[in-house]
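The data block below is protein_21.pdb; it holds PDB, C-alpha atoms, pLDDT in the B column.
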ATOM      1  CA  MET A   1      45.329 -38.721   3.476  1.00 56.00           C
ATOM      2  CA  SER A   2      43.242 -37.332   0.646  1.00 74.00           C
ATOM      3  CA  GLY A   3      44.590 -35.184  -2.137  1.00 91.00           C
ATOM      4  CA  ILE A   4      43.142 -31.813  -3.004  1.00 97.00           C
ATOM      5  CA  ILE A   5      40.123 -30.962  -5.134  1.00 98.00           C
ATOM      6  CA  ARG A   6      41.215 -28.917  -8.134  1.00 98.00           C
ATOM      7  CA  ILE A   7      39.471 -27.101 -10.965  1.00 98.00           C
ATOM      8  CA  TYR A   8      41.497 -26.747 -14.174  1.00 97.00           C
ATOM      9  CA  SER A   9      39.901 -24.880 -17.037  1.00 96.00           C
ATOM     10  CA  ALA A  10      40.153 -22.246 -19.702  1.00 94.00           C
ATOM     11  CA  ILE A  11      37.753 -19.340 -19.304  1.00 96.00           C
ATOM     12  CA  SER A  12      36.799 -16.373 -21.440  1.00 97.00           C
ATOM     13  CA  MET A  13      37.519 -12.842 -20.219  1.00 96.00           C
ATOM     14  CA  ASP A  14      33.891 -12.574 -19.134  1.00 97.00           C
ATOM     15  CA  GLY A  15      33.994 -15.794 -17.108  1.00 96.00           C
ATOM     16  CA  PHE A  16      32.533 -18.452 -19.386  1.00 97.00           C
ATOM     17  CA  LEU A  17      33.698 -22.076 -19.658  1.00 95.00           C
ATOM     18  CA  ALA A  18      31.830 -22.527 -22.943  1.00 94.00           C
ATOM     19  CA  GLY A  19      29.757 -20.424 -25.275  1.00 94.00           C
ATOM     20  CA  GLU A  20      26.144 -20.971 -26.196  1.00 94.00           C
ATOM     21  CA  ASN A  21      25.234 -24.567 -27.094  1.00 92.00           C
ATOM     22  CA  ASP A  22      28.462 -25.772 -25.435  1.00 92.00           C
ATOM     23  CA  ASP A  23      30.563 -23.991 -28.090  1.00 91.00           C
ATOM     24  CA  LEU A  24      34.285 -24.434 -27.486  1.00 91.00           C
ATOM     25  CA  THR A  25      35.564 -23.198 -30.863  1.00 91.00           C
ATOM     26  CA  TRP A  26      36.819 -20.005 -29.194  1.00 92.00           C
ATOM     27  CA  LEU A  27      39.504 -22.153 -27.522  1.00 89.00           C
ATOM     28  CA  ASP A  28      41.098 -22.869 -30.910  1.00 84.00           C
ATOM     29  CA  ASP A  29      42.867 -19.489 -30.737  1.00 73.00           C
ATOM     30  CA  ALA A  30      44.366 -20.162 -27.293  1.00 73.00           C
ATOM     31  CA  ASP A  31      47.725 -21.836 -26.919  1.00 65.00           C
ATOM     32  CA  PRO A  32      47.693 -24.551 -24.227  1.00 61.00           C
ATOM     33  CA  PRO A  33      50.414 -24.308 -21.596  1.00 56.00           C
ATOM     34  CA  PRO A  34      53.513 -26.024 -23.002  1.00 64.00           C
ATOM     35  CA  GLU A  35      55.198 -28.768 -21.025  1.00 64.00           C
ATOM     36  CA  GLY A  36      57.624 -27.267 -18.543  1.00 70.00           C
ATOM     37  CA  ALA A  37      56.542 -23.635 -18.997  1.00 77.00           C
ATOM     38  CA  PRO A  38      57.645 -21.778 -15.860  1.00 80.00           C
ATOM     39  CA  ASP A  39      54.968 -21.223 -13.212  1.00 85.00           C
ATOM     40  CA  THR A  40      52.254 -23.056 -15.169  1.00 88.00           C
ATOM     41  CA  LEU A  41      50.553 -26.427 -15.108  1.00 90.00           C
ATOM     42  CA  SER A  42      50.041 -28.264 -18.399  1.00 88.00           C
ATOM     43  CA  PHE A  43      47.241 -30.766 -18.957  1.00 88.00           C
ATOM     44  CA  ALA A  44      49.751 -33.648 -18.900  1.00 89.00           C
ATOM     45  CA  GLU A  45      51.149 -32.434 -15.567  1.00 91.00           C
ATOM     46  CA  LEU A  46      47.609 -32.125 -14.219  1.00 94.00           C
ATOM     47  CA  MET A  47      46.856 -35.709 -15.229  1.00 95.00           C
ATOM     48  CA  ASP A  48      50.037 -36.912 -13.473  1.00 95.00           C
ATOM     49  CA  MET A  49      48.782 -35.371 -10.197  1.00 95.00           C
ATOM     50  CA  THR A  50      45.193 -36.570 -10.559  1.00 98.00           C
ATOM     51  CA  GLY A  51      43.833 -39.810  -9.156  1.00 98.00           C
ATOM     52  CA  ALA A  52      40.215 -39.358 -10.270  1.00 98.00           C
ATOM     53  CA  LEU A  53      38.052 -36.978 -12.255  1.00 98.00           C
ATOM     54  CA  LEU A  54      34.572 -35.888 -11.193  1.00 98.00           C
ATOM     55  CA  MET A  55      32.580 -34.375 -14.036  1.00 97.00           C
ATOM     56  CA  GLY A  56      29.033 -33.371 -14.730  1.00 96.00           C
ATOM     57  CA  ARG A  57      26.856 -35.277 -17.171  1.00 96.00           C
ATOM     58  CA  ARG A  58      26.715 -32.396 -19.643  1.00 94.00           C
ATOM     59  CA  THR A  59      30.515 -32.187 -19.669  1.00 95.00           C
ATOM     60  CA  PHE A  60      30.736 -35.951 -20.226  1.00 95.00           C
ATOM     61  CA  ASP A  61      28.350 -35.726 -23.173  1.00 93.00           C
ATOM     62  CA  VAL A  62      30.327 -32.837 -24.700  1.00 93.00           C
ATOM     63  CA  VAL A  63      33.647 -34.728 -24.348  1.00 92.00           C
ATOM     64  CA  GLN A  64      32.067 -37.861 -25.837  1.00 91.00           C
ATOM     65  CA  GLY A  65      30.913 -35.734 -28.777  1.00 88.00           C
ATOM     66  CA  PHE A  66      34.454 -34.624 -29.661  1.00 87.00           C
ATOM     67  CA  GLY A  67      34.882 -37.753 -31.768  1.00 83.00           C
ATOM     68  CA  VAL A  68      38.433 -38.372 -30.505  1.00 88.00           C
ATOM     69  CA  ASP A  69      40.011 -40.973 -28.257  1.00 89.00           C
ATOM     70  CA  TRP A  70      38.993 -40.652 -24.602  1.00 91.00           C
ATOM     71  CA  PRO A  71      41.360 -37.917 -23.311  1.00 92.00           C
ATOM     72  CA  TYR A  72      41.594 -39.233 -19.734  1.00 94.00           C
ATOM     73  CA  GLY A  73      43.233 -42.599 -20.425  1.00 92.00           C
ATOM     74  CA  GLU A  74      42.935 -45.044 -17.547  1.00 95.00           C
ATOM     75  CA  LEU A  75      42.030 -42.371 -14.982  1.00 97.00           C
ATOM     76  CA  PRO A  76      38.889 -43.245 -13.007  1.00 98.00           C
ATOM     77  CA  VAL A  77      36.105 -40.856 -14.065  1.00 98.00           C
ATOM     78  CA  LEU A  78      32.945 -40.380 -12.040  1.00 98.00           C
ATOM     79  CA  VAL A  79      30.046 -38.741 -13.868  1.00 98.00           C
ATOM     80  CA  ALA A  80      27.370 -37.073 -11.758  1.00 97.00           C
ATOM     81  CA  THR A  81      24.203 -38.362 -13.366  1.00 96.00           C
ATOM     82  CA  HIS A  82      20.942 -40.186 -12.818  1.00 93.00           C
ATOM     83  CA  ARG A  83      20.745 -41.359 -16.432  1.00 93.00           C
ATOM     84  CA  PRO A  84      22.493 -44.424 -17.883  1.00 92.00           C
ATOM     85  CA  LEU A  85      25.920 -43.822 -19.433  1.00 93.00           C
ATOM     86  CA  THR A  86      25.861 -45.362 -22.899  1.00 86.00           C
ATOM     87  CA  ASP A  87      29.075 -46.054 -24.790  1.00 86.00           C
ATOM     88  CA  ALA A  88      31.156 -44.966 -21.798  1.00 92.00           C
ATOM     89  CA  PRO A  89      34.809 -46.019 -21.624  1.00 94.00           C
ATOM     90  CA  PRO A  90      35.494 -48.782 -19.057  1.00 95.00           C
ATOM     91  CA  THR A  91      37.073 -46.316 -16.598  1.00 96.00           C
ATOM     92  CA  VAL A  92      33.860 -44.258 -16.402  1.00 97.00           C
ATOM     93  CA  ARG A  93      31.118 -44.874 -13.869  1.00 97.00           C
ATOM     94  CA  PRO A  94      28.022 -42.989 -12.781  1.00 97.00           C
ATOM     95  CA  ALA A  95      27.881 -41.282  -9.385  1.00 97.00           C
ATOM     96  CA  SER A  96      25.042 -39.634  -7.505  1.00 96.00           C
ATOM     97  CA  GLY A  97      24.392 -37.701  -4.336  1.00 96.00           C
ATOM     98  CA  ASP A  98      24.907 -34.157  -3.144  1.00 97.00           C
ATOM     99  CA  ILE A  99      28.189 -32.390  -3.917  1.00 98.00           C
ATOM    100  CA  ARG A 100      29.819 -33.519  -0.656  1.00 97.00           C
ATOM    101  CA  ALA A 101      28.960 -37.162  -1.362  1.00 98.00           C
ATOM    102  CA  LEU A 102      30.157 -36.850  -4.949  1.00 98.00           C
ATOM    103  CA  CYS A 103      33.485 -35.362  -3.842  1.00 98.00           C
ATOM    104  CA  ARG A 104      33.924 -38.105  -1.220  1.00 97.00           C
ATOM    105  CA  GLN A 105      33.304 -40.750  -3.888  1.00 97.00           C
ATOM    106  CA  ALA A 106      35.875 -39.087  -6.151  1.00 98.00           C
ATOM    107  CA  GLN A 107      38.417 -38.846  -3.329  1.00 97.00           C
ATOM    108  CA  ASP A 108      37.913 -42.538  -2.569  1.00 97.00           C
ATOM    109  CA  ALA A 109      38.462 -43.373  -6.249  1.00 97.00           C
ATOM    110  CA  ALA A 110      41.573 -41.121  -6.314  1.00 97.00           C
ATOM    111  CA  ASN A 111      43.151 -43.265  -3.601  1.00 96.00           C
ATOM    112  CA  GLY A 112      44.975 -40.382  -1.915  1.00 95.00           C
ATOM    113  CA  ALA A 113      45.811 -38.460  -5.098  1.00 97.00           C
ATOM    114  CA  ASP A 114      44.117 -35.247  -6.252  1.00 98.00           C
ATOM    115  CA  VAL A 115      40.612 -34.921  -7.708  1.00 98.00           C
ATOM    116  CA  TYR A 116      40.053 -32.942 -10.901  1.00 98.00           C
ATOM    117  CA  LEU A 117      36.565 -31.386 -10.890  1.00 98.00           C
ATOM    118  CA  ASP A 118      34.985 -30.378 -14.204  1.00 96.00           C
ATOM    119  CA  GLY A 119      31.600 -29.022 -15.241  1.00 94.00           C
ATOM    120  CA  GLY A 120      29.939 -25.666 -14.607  1.00 92.00           C
ATOM    121  CA  ASP A 121      27.170 -26.852 -12.294  1.00 95.00           C
ATOM    122  CA  LEU A 122      29.477 -29.073 -10.210  1.00 97.00           C
ATOM    123  CA  ILE A 123      32.039 -26.275  -9.979  1.00 96.00           C
ATOM    124  CA  THR A 124      29.387 -23.890  -8.630  1.00 96.00           C
ATOM    125  CA  GLN A 125      28.141 -26.474  -6.123  1.00 97.00           C
ATOM    126  CA  ALA A 126      31.671 -27.285  -4.916  1.00 97.00           C
ATOM    127  CA  LEU A 127      32.613 -23.608  -4.572  1.00 96.00           C
ATOM    128  CA  ASP A 128      29.398 -22.900  -2.659  1.00 96.00           C
ATOM    129  CA  ALA A 129      30.163 -25.828  -0.312  1.00 96.00           C
ATOM    130  CA  ASP A 130      33.793 -24.631   0.160  1.00 95.00           C
ATOM    131  CA  LEU A 131      35.191 -27.913  -1.199  1.00 97.00           C
ATOM    132  CA  VAL A 132      37.593 -26.508  -3.822  1.00 97.00           C
ATOM    133  CA  ASP A 133      41.210 -26.288  -2.700  1.00 97.00           C
ATOM    134  CA  GLU A 134      42.701 -24.913  -5.909  1.00 97.00           C
ATOM    135  CA  MET A 135      41.597 -23.442  -9.233  1.00 98.00           C
ATOM    136  CA  ILE A 136      43.916 -23.163 -12.194  1.00 97.00           C
ATOM    137  CA  LEU A 137      42.282 -20.996 -14.816  1.00 96.00           C
ATOM    138  CA  THR A 138      43.715 -20.034 -18.182  1.00 93.00           C
ATOM    139  CA  LEU A 139      42.218 -16.701 -19.170  1.00 95.00           C
ATOM    140  CA  VAL A 140      41.656 -16.498 -22.928  1.00 95.00           C
ATOM    141  CA  PRO A 141      41.332 -12.973 -24.391  1.00 93.00           C
ATOM    142  CA  THR A 142      37.879 -13.565 -25.841  1.00 94.00           C
ATOM    143  CA  LEU A 143      34.500 -12.164 -24.803  1.00 96.00           C
ATOM    144  CA  LEU A 144      31.596 -14.572 -25.269  1.00 96.00           C
ATOM    145  CA  GLY A 145      28.686 -12.609 -23.798  1.00 96.00           C
ATOM    146  CA  LYS A 146      26.746 -15.743 -22.876  1.00 96.00           C
ATOM    147  CA  GLY A 147      27.198 -19.428 -22.358  1.00 96.00           C
ATOM    148  CA  ILE A 148      28.200 -21.710 -19.468  1.00 94.00           C
ATOM    149  CA  ALA A 149      29.537 -19.550 -16.626  1.00 95.00           C
ATOM    150  CA  LEU A 150      32.399 -20.642 -14.392  1.00 95.00           C
ATOM    151  CA  TYR A 151      30.338 -19.716 -11.341  1.00 95.00           C
ATOM    152  CA  GLN A 152      26.616 -19.063 -10.901  1.00 94.00           C
ATOM    153  CA  GLY A 153      26.218 -19.394  -7.139  1.00 92.00           C
ATOM    154  CA  ASP A 154      25.468 -17.087  -4.268  1.00 90.00           C
ATOM    155  CA  ALA A 155      28.179 -17.880  -1.707  1.00 91.00           C
ATOM    156  CA  ARG A 156      30.823 -15.432  -3.000  1.00 89.00           C
ATOM    157  CA  PRO A 157      33.750 -17.751  -2.324  1.00 89.00           C
ATOM    158  CA  ARG A 158      37.054 -15.932  -1.838  1.00 91.00           C
ATOM    159  CA  MET A 159      40.316 -17.363  -3.024  1.00 95.00           C
ATOM    160  CA  ALA A 160      43.851 -16.032  -3.034  1.00 96.00           C
ATOM    161  CA  ILE A 161      46.064 -15.740  -6.091  1.00 96.00           C
ATOM    162  CA  ALA A 162      49.054 -18.048  -5.658  1.00 96.00           C
ATOM    163  CA  ARG A 163      50.625 -17.227  -9.027  1.00 95.00           C
ATOM    164  CA  ALA A 164      49.924 -15.820 -12.464  1.00 96.00           C
ATOM    165  CA  ALA A 165      51.932 -16.614 -15.577  1.00 93.00           C
ATOM    166  CA  PRO A 166      51.509 -15.195 -19.082  1.00 89.00           C
ATOM    167  CA  LEU A 167      51.391 -17.734 -21.909  1.00 82.00           C
ATOM    168  CA  GLY A 168      51.497 -15.875 -25.187  1.00 81.00           C
ATOM    169  CA  ASP A 169      48.205 -14.017 -25.287  1.00 85.00           C
ATOM    170  CA  THR A 170      46.671 -16.031 -22.425  1.00 90.00           C
ATOM    171  CA  LEU A 171      47.244 -15.876 -18.683  1.00 92.00           C
ATOM    172  CA  GLN A 172      47.219 -18.876 -16.364  1.00 94.00           C
ATOM    173  CA  ILE A 173      46.209 -18.011 -12.802  1.00 96.00           C
ATOM    174  CA  LYS A 174      46.449 -20.352  -9.833  1.00 96.00           C
ATOM    175  CA  TYR A 175      43.982 -19.588  -7.043  1.00 97.00           C
ATOM    176  CA  VAL A 176      44.037 -21.329  -3.666  1.00 97.00           C
ATOM    177  CA  ARG A 177      41.436 -21.518  -0.925  1.00 94.00           C
ATOM    178  CA  ARG A 178      41.797 -18.789   1.664  1.00 87.00           C
ATOM    179  CA  GLY A 179      42.391 -19.882   5.234  1.00 69.00           C
TER     180      GLY A 179
END

Let me see whether you can do it: turn the structure in this file into C-alpha cells.
Amino acid sequence: MSGIIRIYSAISMDGFLAGENDDLTWLDDADPPPEGAPDTLSFAELMDMTGALLMGRRTFDVVQGFGVDWPYGELPVLVATHRPLTDAPPTVRPASGDIRALCRQAQDAANGADVYLDGGDLITQALDADLVDEMILTLVPTLLGKGIALYQGDARPRMAIARAAPLGDTLQIKYVRRG
C-alpha cells in the first residue's frame, strides 16, 4: 500500500510560495508550527511521516543555496531534472518523466510511507493530474504581489478543508482531496 502525496508549504496571503528571484526573506516574520501545537503539523512531524521527497530542480537549487546542512537528513529525495545534480547529498537522485511517472518513482522510494511534494511547477502539475491527497499550507500575513505561485494551472482542483489552526499571526490549513 502506498502512502499519500502531500504538499506542505508556507504561502503568502496572495498565494505565492516565494517572491521574485526566489525570495524567501518574507518567511522570517512567520513563526513555524511548534512541536505538539494542537491541530497542526510541524516540519519534524512531517518528516516522520514522509518516506520520500519529490522536488523540482529550481527548489533543489534554492535549498542548496541556503548554505546550511541538508535539511532532509537521510530521506530519499528525487529531483525532477534533466540536468546533472552537482554537489548533491548522497540521498538525492535525479528523476524524469511526466508527473505521474515522477510520483510513482517517489512512491516506490517512499516504500509505503507518504511522499512530500515540493516546488511550484510540480505542485501545479500534480494538482492538475489529481494526484495530491493533502495540502498543508501555512498562510503568512504578507502580500508579495509577484513571485512563484502555489498554483498556475487550469484544472481548478477542488479540495475540502479538514482543519484550520491559528499559530500566532499565521494560520495553518489542512486541505484534503474531495471524493

Step by step, work through what the PyMOL selection byres ((chain A and resi 119) around 6) selects in the shown file, and finish by giving those residues as a PyMOL selection string.
chain A and resi 55-56+59+118+120-123

Can you list, as a list in words, the residues that the PyMOL selection byres ((chain A and resi 80) around 6) selects here?
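The output of the PyMOL selection byres ((chain A and resi 80) around 6) on this file is Gly56, Arg57, Val79, Thr81, Ala95 and Ser96 of chain A.
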
Taking C-alpha atoms for each residue, export the selection above as a compact mmCIF listing (two decimals), in the coordinates of the input.
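Now in result-v2.txt:
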# COMPACT_ATOMS: atom_id res chain seq x y z
CA GLY A 56 29.03 -33.37 -14.73
CA ARG A 57 26.86 -35.28 -17.17
CA VAL A 79 30.05 -38.74 -13.87
CA THR A 81 24.20 -38.36 -13.37
CA ALA A 95 27.88 -41.28 -9.38
CA SER A 96 25.04 -39.63 -7.50

So which residues get picked by the PyMOL selection byres ((chain A and resi 160-170) around 7) here, written as number ranges by chain?
A: 30, 33, 39-40, 138-141, 158-159, 171-178

Contacts of A:Glu74 within 12 Å, all atoms listed in the file, excl. fewer than 4 positions in-chain, as a CSV table (one decimal) with C-alpha atoms, in the coordinates of the input:
chain,number,residue,atom,x,y,z
A,47,MET,CA,46.9,-35.7,-15.2
A,48,ASP,CA,50.0,-36.9,-13.5
A,50,THR,CA,45.2,-36.6,-10.6
A,51,GLY,CA,43.8,-39.8,-9.2
A,52,ALA,CA,40.2,-39.4,-10.3
A,53,LEU,CA,38.1,-37.0,-12.3
A,69,ASP,CA,40.0,-41.0,-28.3
A,70,TRP,CA,39.0,-40.7,-24.6
A,89,PRO,CA,34.8,-46.0,-21.6
A,90,PRO,CA,35.5,-48.8,-19.1
A,91,THR,CA,37.1,-46.3,-16.6
A,92,VAL,CA,33.9,-44.3,-16.4
A,110,ALA,CA,41.6,-41.1,-6.3

Just to confirm, what's the straight-line distance from atom CA of A:Ala101 to atom CA of A:Gln125 in Å (one decimal)?
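So the answer is 11.7 Å.
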
May I ask for the distance between atom CA of A:Asp133 and atom CA of A:Ile7, given in Å to one decimal place?
8.5 Å

Write stretch 85-110 of chain A as an mmCIF file, keeping the file's coordinate frame, completed to N, CA and C atoms.
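File result-v2.cif, as written:
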data_model
loop_
_atom_site.group_PDB
_atom_site.id
_atom_site.type_symbol
_atom_site.label_atom_id
_atom_site.label_comp_id
_atom_site.auth_asym_id
_atom_site.auth_seq_id
_atom_site.Cartn_x
_atom_site.Cartn_y
_atom_site.Cartn_z
ATOM 1 N N LEU A 85 24.793 -44.270 -18.609
ATOM 2 C CA LEU A 85 25.920 -43.822 -19.433
ATOM 3 C C LEU A 85 26.096 -44.829 -20.559
ATOM 4 N N THR A 86 25.718 -44.454 -21.762
ATOM 5 C CA THR A 86 25.861 -45.362 -22.899
ATOM 6 C C THR A 86 27.189 -45.094 -23.586
ATOM 7 N N ASP A 87 27.799 -46.134 -24.074
ATOM 8 C CA ASP A 87 29.075 -46.054 -24.790
ATOM 9 C C ASP A 87 30.179 -45.398 -23.967
ATOM 10 N N ALA A 88 30.131 -45.553 -22.660
ATOM 11 C CA ALA A 88 31.156 -44.966 -21.798
ATOM 12 C C ALA A 88 32.402 -45.844 -21.799
ATOM 13 N N PRO A 89 33.578 -45.240 -21.762
ATOM 14 C CA PRO A 89 34.809 -46.019 -21.624
ATOM 15 C C PRO A 89 34.766 -46.842 -20.327
ATOM 16 N N PRO A 90 35.552 -47.903 -20.235
ATOM 17 C CA PRO A 90 35.494 -48.782 -19.057
ATOM 18 C C PRO A 90 35.905 -48.105 -17.746
ATOM 19 N N THR A 91 36.634 -47.007 -17.817
ATOM 20 C CA THR A 91 37.073 -46.316 -16.598
ATOM 21 C C THR A 91 36.037 -45.336 -16.066
ATOM 22 N N VAL A 92 34.899 -45.225 -16.760
ATOM 23 C CA VAL A 92 33.860 -44.258 -16.402
ATOM 24 C C VAL A 92 32.724 -44.958 -15.677
ATOM 25 N N ARG A 93 32.262 -44.325 -14.592
ATOM 26 C CA ARG A 93 31.118 -44.874 -13.869
ATOM 27 C C ARG A 93 30.216 -43.737 -13.406
ATOM 28 N N PRO A 94 28.927 -44.012 -13.271
ATOM 29 C CA PRO A 94 28.022 -42.989 -12.781
ATOM 30 C C PRO A 94 28.187 -42.790 -11.279
ATOM 31 N N ALA A 95 27.862 -41.583 -10.811
ATOM 32 C CA ALA A 95 27.881 -41.282 -9.385
ATOM 33 C C ALA A 95 26.679 -40.393 -9.095
ATOM 34 N N SER A 96 26.176 -40.481 -7.869
ATOM 35 C CA SER A 96 25.042 -39.634 -7.505
ATOM 36 C C SER A 96 25.167 -39.228 -6.047
ATOM 37 N N GLY A 97 24.378 -38.226 -5.690
ATOM 38 C CA GLY A 97 24.392 -37.701 -4.336
ATOM 39 C C GLY A 97 24.603 -36.199 -4.371
ATOM 40 N N ASP A 98 24.631 -35.587 -3.188
ATOM 41 C CA ASP A 98 24.907 -34.157 -3.144
ATOM 42 C C ASP A 98 26.392 -33.930 -3.412
ATOM 43 N N ILE A 99 26.810 -32.687 -3.519
ATOM 44 C CA ILE A 99 28.189 -32.390 -3.917
ATOM 45 C C ILE A 99 29.205 -32.950 -2.925
ATOM 46 N N ARG A 100 28.884 -32.951 -1.645
ATOM 47 C CA ARG A 100 29.819 -33.519 -0.656
ATOM 48 C C ARG A 100 29.996 -35.020 -0.874
ATOM 49 N N ALA A 101 28.892 -35.714 -1.109
ATOM 50 C CA ALA A 101 28.960 -37.162 -1.362
ATOM 51 C C ALA A 101 29.705 -37.451 -2.656
ATOM 52 N N LEU A 102 29.453 -36.655 -3.681
ATOM 53 C CA LEU A 102 30.157 -36.850 -4.949
ATOM 54 C C LEU A 102 31.659 -36.657 -4.785
ATOM 55 N N CYS A 103 32.049 -35.614 -4.059
ATOM 56 C CA CYS A 103 33.485 -35.362 -3.842
ATOM 57 C C CYS A 103 34.120 -36.467 -3.010
ATOM 58 N N ARG A 104 33.387 -36.985 -2.010
ATOM 59 C CA ARG A 104 33.924 -38.105 -1.220
ATOM 60 C C ARG A 104 34.136 -39.329 -2.099
ATOM 61 N N GLN A 105 33.162 -39.609 -2.982
ATOM 62 C CA GLN A 105 33.304 -40.750 -3.888
ATOM 63 C C GLN A 105 34.531 -40.573 -4.792
ATOM 64 N N ALA A 106 34.727 -39.358 -5.287
ATOM 65 C CA ALA A 106 35.875 -39.087 -6.151
ATOM 66 C C ALA A 106 37.176 -39.208 -5.369
ATOM 67 N N GLN A 107 37.205 -38.724 -4.141
ATOM 68 C CA GLN A 107 38.417 -38.846 -3.329
ATOM 69 C C GLN A 107 38.724 -40.307 -3.023
ATOM 70 N N ASP A 108 37.701 -41.098 -2.778
ATOM 71 C CA ASP A 108 37.913 -42.538 -2.569
ATOM 72 C C ASP A 108 38.510 -43.173 -3.821
ATOM 73 N N ALA A 109 37.960 -42.818 -4.985
ATOM 74 C CA ALA A 109 38.462 -43.373 -6.249
ATOM 75 C C ALA A 109 39.883 -42.895 -6.542
ATOM 76 N N ALA A 110 40.232 -41.679 -6.070
ATOM 77 C CA ALA A 110 41.573 -41.121 -6.314
ATOM 78 C C ALA A 110 42.631 -41.781 -5.455
#
